[in-house]
Amino acid sequence: MAHLVTSVIDKYNDVLDNYSDPRVHGWALMSSPVPTLAICLFYVYFSKVMGPRIMENRKPLNLRSTLIVYNFIQTIFSAWIFYEYLMSGWWGSYSFRCQPVDYSSSPMALRMANICWWYYFSKFTEFMDTLFFILRKKFSHVSTLHVIHHGCMPFSVWMGVKFAAGGHSTFFALLNAFVHIVMYFYYMLAAMGPRYQKFIWWKKYLTTFQMVQFVLIFTHQFQ
């Protein structure tokens with residue numbers, strides 16, 4: 001048993017040390033999957049147990065101004081991520097057919113690796129979506145599917161940054177960032193009240209827009 005445990009640990013260290021992208025060694029939260037996994041597990045616990053329990057006997061908070069500012073920042077952040085993915089390869093130099101990862105230290109390759117890390121970081125900022133639902137006591141919005149999605153994304157993206165910070169799979173992040181520009185812009189207008197809600201007549205198309213995103217991602221990956 002001890003030999004098996006030692007063998008697993010050695011293999012784990014070998015994969016992290018010799019098969020990961022050496023350029024991201026030393027980057028924040030990249031040395032080990034444990035911190036990311038721990039944050040994700042705490043997010044799930046807080047979302048389904050701790051948060052609702054804290055708010056159980058409290059009145060829902062009025063967070064209108066906070067939501068406007070938060071969604072505005074998320075819109076700008078998503079727009080910057082989308083722009084950086086374009087400028088790092090997808091606007092001309094990347095192939096939509098098949099694009100290997102450039103593990104070199106060229107300025108373009110490092111720019112792509114850098115924005116991959118920021119995309120990973122953005123998955124943590126999106127935890128605030130759930131926090132605001134809980135503080136406003138909109139518990140029905142904190143569905144199991146919602147929590148699984150947000151809870152799994154940081155860890156799955158960590159794997160991408162750790163082993164393949166660039167290349168074909170970043171098309172997913174490019175499209176996802178674009179969808180988030182539209183999504184957070186919609187949330188910002190919705191939070192601004194009835195005066196501005198007349199400008200979001202396109203709300204009914206949001207779900208379709210997200211489904212088109214998934215179709216494009218699956219088609220790109222499975223080709």
# chains A, B, ... in the order shown; residues from 1 in each chain; ligands from 1
>>> closest_atom_pairs(of="segment 86-180 of chain A", to="segment 204-214 of chain A", cutoff="10 Å", atoms="only C-alpha atoms", output="JSON lines")
{"residue": "A:Phe172", "atom": "CA", "partner": "A:Gln213", "partner_atom": "CA", "distance": 8.6}
{"residue": "A:Leu175", "atom": "CA", "partner": "A:Gln213", "partner_atom": "CA", "distance": 6.6}
{"residue": "A:Asn176", "atom": "CA", "partner": "A:Gln213", "partner_atom": "CA", "distance": 7.4}
{"residue": "A:Phe178", "atom": "CA", "partner": "A:Gln213", "partner_atom": "CA", "distance": 9.4}
{"residue": "A:Val179", "atom": "CA", "partner": "A:Gln210", "partner_atom": "CA", "distance": 6.9}
{"residue": "A:His180", "atom": "CA", "partner": "A:Gln210", "partner_atom": "CA", "distance": 9.5}
>>> atom_distance(atom1="atom CA of Arg136 of chain A", atom2="atom CA of His149 of chain A")
20.5 Å
>>> closest_residue(among="A:Phe42, A:Trp27, A:Phe185, A:Phe222", to="Phe77 of chain A", atoms="only C-alpha atoms")
A:Phe185
>>> closest_atom_pairs(of="segment 105-140 of chain A", to="segment 44-57 of chain A", cutoff="9 Å", atoms="only C-alpha atoms", output="Markdown table")
| residue | atom | partner | partner_atom | distance |
| --- | --- | --- | --- | --- |
| A:Thr130 | CA | A:Ser47 | CA | 7.0 |
| A:Leu131 | CA | A:Ser47 | CA | 7.5 |
| A:Ile134 | CA | A:Gly51 | CA | 6.3 |
| A:Leu135 | CA | A:Met55 | CA | 6.8 |
| A:Arg136 | CA | A:Met55 | CA | 8.7 |
| A:Lys137 | CA | A:Met55 | CA | 7.1 |
| A:Phe139 | CA | A:Pro52 | CA | 7.4 |
>>> closest_residue(among="A:Met153, A:Ala79, A:Ala2, A:Ala165", to="Ser104 of chain A", atoms="only C-alpha atoms")
A:Ala165
>>> atom_distance(atom1="atom CA of Ser169 of chain A", atom2="atom CA of His25 of chain A")
20.2 Å
>>> residues_around(residues="segment 92-101 of chain A", least_positions_apart="2", cutoff="8 Å", atoms="only C-alpha atoms", output="ChimeraX atom specification")
/A:89-90,103,164-168,220,223
>>> closest_residue(among="A:Ile217, A:Ala113, A:Met1, A:Met87", to="Phe171 of chain A", atoms="only C-alpha atoms")
A:Ile217
>>> atom_distance(atom1="atom CA of Cys116 of chain A", atom2="atom CA of Asp102 of chain A")
12.9 Å
>>> select_by_dssp(residues="segment 50-140 of chain A", states="alpha helix (DSSP H)", output="VMD selection string")
chain A and resid 51 to 55 64 to 85 107 to 125 127 to 135
